[in-house]
Amino acid sequence: MDTKSLTSVGGIATAIGAGAVGVGVGTVLAGIARDALRAERAVDDGPDDLLTAPDSKPRRLPARSSDGTLLNVEIYGSADAADDDGDVIVMVHGWTCNTAYWYPQINHLASSEGGSRRVVTYDQRGHGLSERGRRRPTIAMLGQDLDAVLEAAVPAGRRAILVGHSMGGMTIMSWAEQFPEKVGTLVSGAVLVSTAAKAVMENHALVPVDLPAYARPFAPVVAKAITSVPVPIPKTPIGVRFSHYIALGPHARKAHVDFVDEMIGACPPRARAGWGSAMGRLDVTAGLAALSVPTTVVVGTEDRLTPRKHAEQIAEVLQRNGSLRDLVVWEGVGHMSSIEAAERFNEVLDELVAEVSRVGQRVS
């Protein structure tokens, strides 16, 4: 066979290969779309008062991370340290979210009914009002940002209860890994919510299990594209259905789905893609060894992004270290567990706050 013939055969083979990839990827995407559009519609039972913006405006505190990136920090509760000498609750939101994610907890904890606790939230870099910075996003950077927030927002002599959802939980583990000497002195307890310590992209449940055999090898390509391609997310009725399928449980309330869809859509595409790519290299299991404070792990059985197996792996490590306070599993709840099951989640926080307060009093 001459050179020209070989070139032609090579071109045909390349075209066939590209066509096979296109068919495989298309089949995976079609499977996700099928399940999303066939899924049960959200329950329209009216608004959720816990999702309204808090009555009291937060005090904004700029904090600079180690590379100079400016982070938006918001503080709720008493402005006078003399009025509140308890542990500061520091809440760290997840991927594509912002400080509004914690409205159900702020409305409870920073209100008179919740004891008017001091609550600190902040926008992860590239999200909300925080700068994106010039460096390529890394998981280590998340922990360094949290360290800057703790330095700026937790008064001297006080300790923090760290609460992290999804990428926020990864942030806490990253911080503990990099600053293990600060854990015992700065932190009294932690809650890791709908999160993972490693292999998050390899163990999600976004792709249907009934794909044809030829399409299964293309599932990782599709998952990476969904999380790491910086394209805008159009706001459409079908888009809301996808947000529901990916991020919430099958029987979620419409108020919750709409709130989450709005928040995800507000995340800048470059930040969403950058952090999605960074999580593809996640491994913060070493941070669990350093997390030597009572830690509660929370997950929903319908979490597609960080399925239950992640929570169980985290709990197993914490159990060996003697730091596991509880593993809480909620039936029918998806990834946005502290929104979907806000009342139950607030009870978990109340119990932890009361427990660490009792321990602090005994120590005093």
# chains A, B, ... in the order shown; residues from 1 in each chain; ligands from 1
>>> closest_atom_pairs(of="segment 168-215 of chain A", to="segment 134-142 of chain A", cutoff="12 Å", atoms="only C-alpha atoms", output="Markdown table")
| residue | atom | partner | partner_atom | distance |
| --- | --- | --- | --- | --- |
| A:Gly168 | CA | A:Leu142 | CA | 8.4 |
| A:Gly169 | CA | A:Leu142 | CA | 10.1 |
| A:Met170 | CA | A:Ile139 | CA | 7.7 |
| A:Thr171 | CA | A:Leu142 | CA | 5.1 |
| A:Ile172 | CA | A:Leu142 | CA | 8.2 |
| A:Met173 | CA | A:Leu142 | CA | 9.4 |
| A:Ser174 | CA | A:Ala140 | CA | 5.9 |
| A:Trp175 | CA | A:Leu142 | CA | 7.4 |
| A:Ala176 | CA | A:Ala140 | CA | 10.4 |
| A:Glu177 | CA | A:Ala140 | CA | 8.9 |
| A:Gln178 | CA | A:Ala140 | CA | 7.8 |
| A:Phe179 | CA | A:Ala140 | CA | 10.9 |
| A:Ala197 | CA | A:Ile139 | CA | 10.9 |
| A:Lys198 | CA | A:Ile139 | CA | 11.0 |
>>> select_by_dssp(residues="segment 48-286 of chain A", states="helix (DSSP H, G or I)", output="ChimeraX atom specification")
/A:49-51,81-83,99-109,139-153,167-178,180-186,213-228,237-247,254-266,269-279,285-286
>>> residues_around(residues="Val257 of chain A", least_positions_apart="2", cutoff="8 Å", atoms="only C-alpha atoms", output="list of chain:residue names")
A:Ala42, A:Val240, A:Ser243, A:His244, A:Leu248, A:Ala252, A:Arg253, A:Lys254, A:Ala255, A:Phe259, A:Val260, A:Asp261
>>> residues_around(residues="Asp210 of chain A", least_positions_apart="5", cutoff="12 Å", atoms="only C-alpha atoms", output="list of chain:residue names")
A:Thr27, A:Val28, A:Ala30, A:Gly31, A:Ile32, A:Arg34, A:Asp35, A:Ala215, A:Arg216, A:Ala219
>>> write_last_selection(atoms="N, CA, C and O atoms", output="mmCIF file, in the first residue's frame")
data_model
loop_
_atom_site.group_PDB
_atom_site.id
_atom_site.type_symbol
_atom_site.label_atom_id
_atom_site.label_comp_id
_atom_site.auth_asym_id
_atom_site.auth_seq_id
_atom_site.Cartn_x
_atom_site.Cartn_y
_atom_site.Cartn_z
ATOM 1 N N THR A 27 -24.388 9.616 24.034
ATOM 2 C CA THR A 27 -25.225 8.647 24.738
ATOM 3 C C THR A 27 -25.246 8.919 26.241
ATOM 4 O O THR A 27 -26.299 8.831 26.889
ATOM 5 N N VAL A 28 -24.080 9.266 26.790
ATOM 6 C CA VAL A 28 -24.015 9.584 28.226
ATOM 7 C C VAL A 28 -24.849 10.826 28.524
ATOM 8 O O VAL A 28 -25.656 10.847 29.473
ATOM 9 N N ALA A 30 -27.285 12.041 26.802
ATOM 10 C CA ALA A 30 -28.700 11.726 26.592
ATOM 11 C C ALA A 30 -29.272 10.970 27.787
ATOM 12 O O ALA A 30 -30.429 11.188 28.184
ATOM 13 N N GLY A 31 -28.453 10.099 28.375
ATOM 14 C CA GLY A 31 -28.916 9.359 29.555
ATOM 15 C C GLY A 31 -29.167 10.272 30.743
ATOM 16 O O GLY A 31 -30.166 10.131 31.462
ATOM 17 N N ILE A 32 -28.253 11.240 30.957
ATOM 18 C CA ILE A 32 -28.438 12.207 32.047
ATOM 19 C C ILE A 32 -29.687 13.047 31.796
ATOM 20 O O ILE A 32 -30.511 13.264 32.696
ATOM 21 N N ARG A 34 -32.274 12.308 29.978
ATOM 22 C CA ARG A 34 -33.468 11.461 30.125
ATOM 23 C C ARG A 34 -33.885 11.351 31.585
ATOM 24 O O ARG A 34 -35.060 11.576 31.933
ATOM 25 N N ASP A 35 -32.907 11.045 32.456
ATOM 26 C CA ASP A 35 -33.245 10.882 33.872
ATOM 27 C C ASP A 35 -33.671 12.206 34.501
ATOM 28 O O ASP A 35 -34.580 12.242 35.341
ATOM 29 N N ALA A 215 -20.896 2.998 25.935
ATOM 30 C CA ALA A 215 -20.891 4.398 26.381
ATOM 31 C C ALA A 215 -20.219 4.592 27.735
ATOM 32 O O ALA A 215 -19.796 5.710 28.066
ATOM 33 N N ARG A 216 -20.098 3.545 28.524
ATOM 34 C CA ARG A 216 -19.591 3.696 29.904
ATOM 35 C C ARG A 216 -18.185 4.290 29.982
ATOM 36 O O ARG A 216 -17.909 5.102 30.868
ATOM 37 N N ALA A 219 -18.111 8.148 30.339
ATOM 38 C CA ALA A 219 -18.737 8.832 31.482
ATOM 39 C C ALA A 219 -17.778 9.814 32.164
ATOM 40 O O ALA A 219 -18.172 10.940 32.481
#
>>> closest_residue(among="A:Gly126, A:Pro250, A:Pro220, A:Pro234", to="Leu71 of chain A", atoms="only C-alpha atoms")
A:Gly126
>>> closest_residue(among="A:Asp48, A:Glu355, A:Asp326, A:Glu312", to="Glu340 of chain A", atoms="only C-alpha atoms")
A:Asp48
>>> closest_residue(among="A:Ala36, A:Ala271, A:Val88, A:Ala205", to="Val229 of chain A", atoms="only C-alpha atoms")
A:Ala271
>>> closest_residue(among="A:Val154, A:Leu282, A:Leu50, A:Ile89", to="Ala341 of chain A", atoms="only C-alpha atoms")
A:Leu50
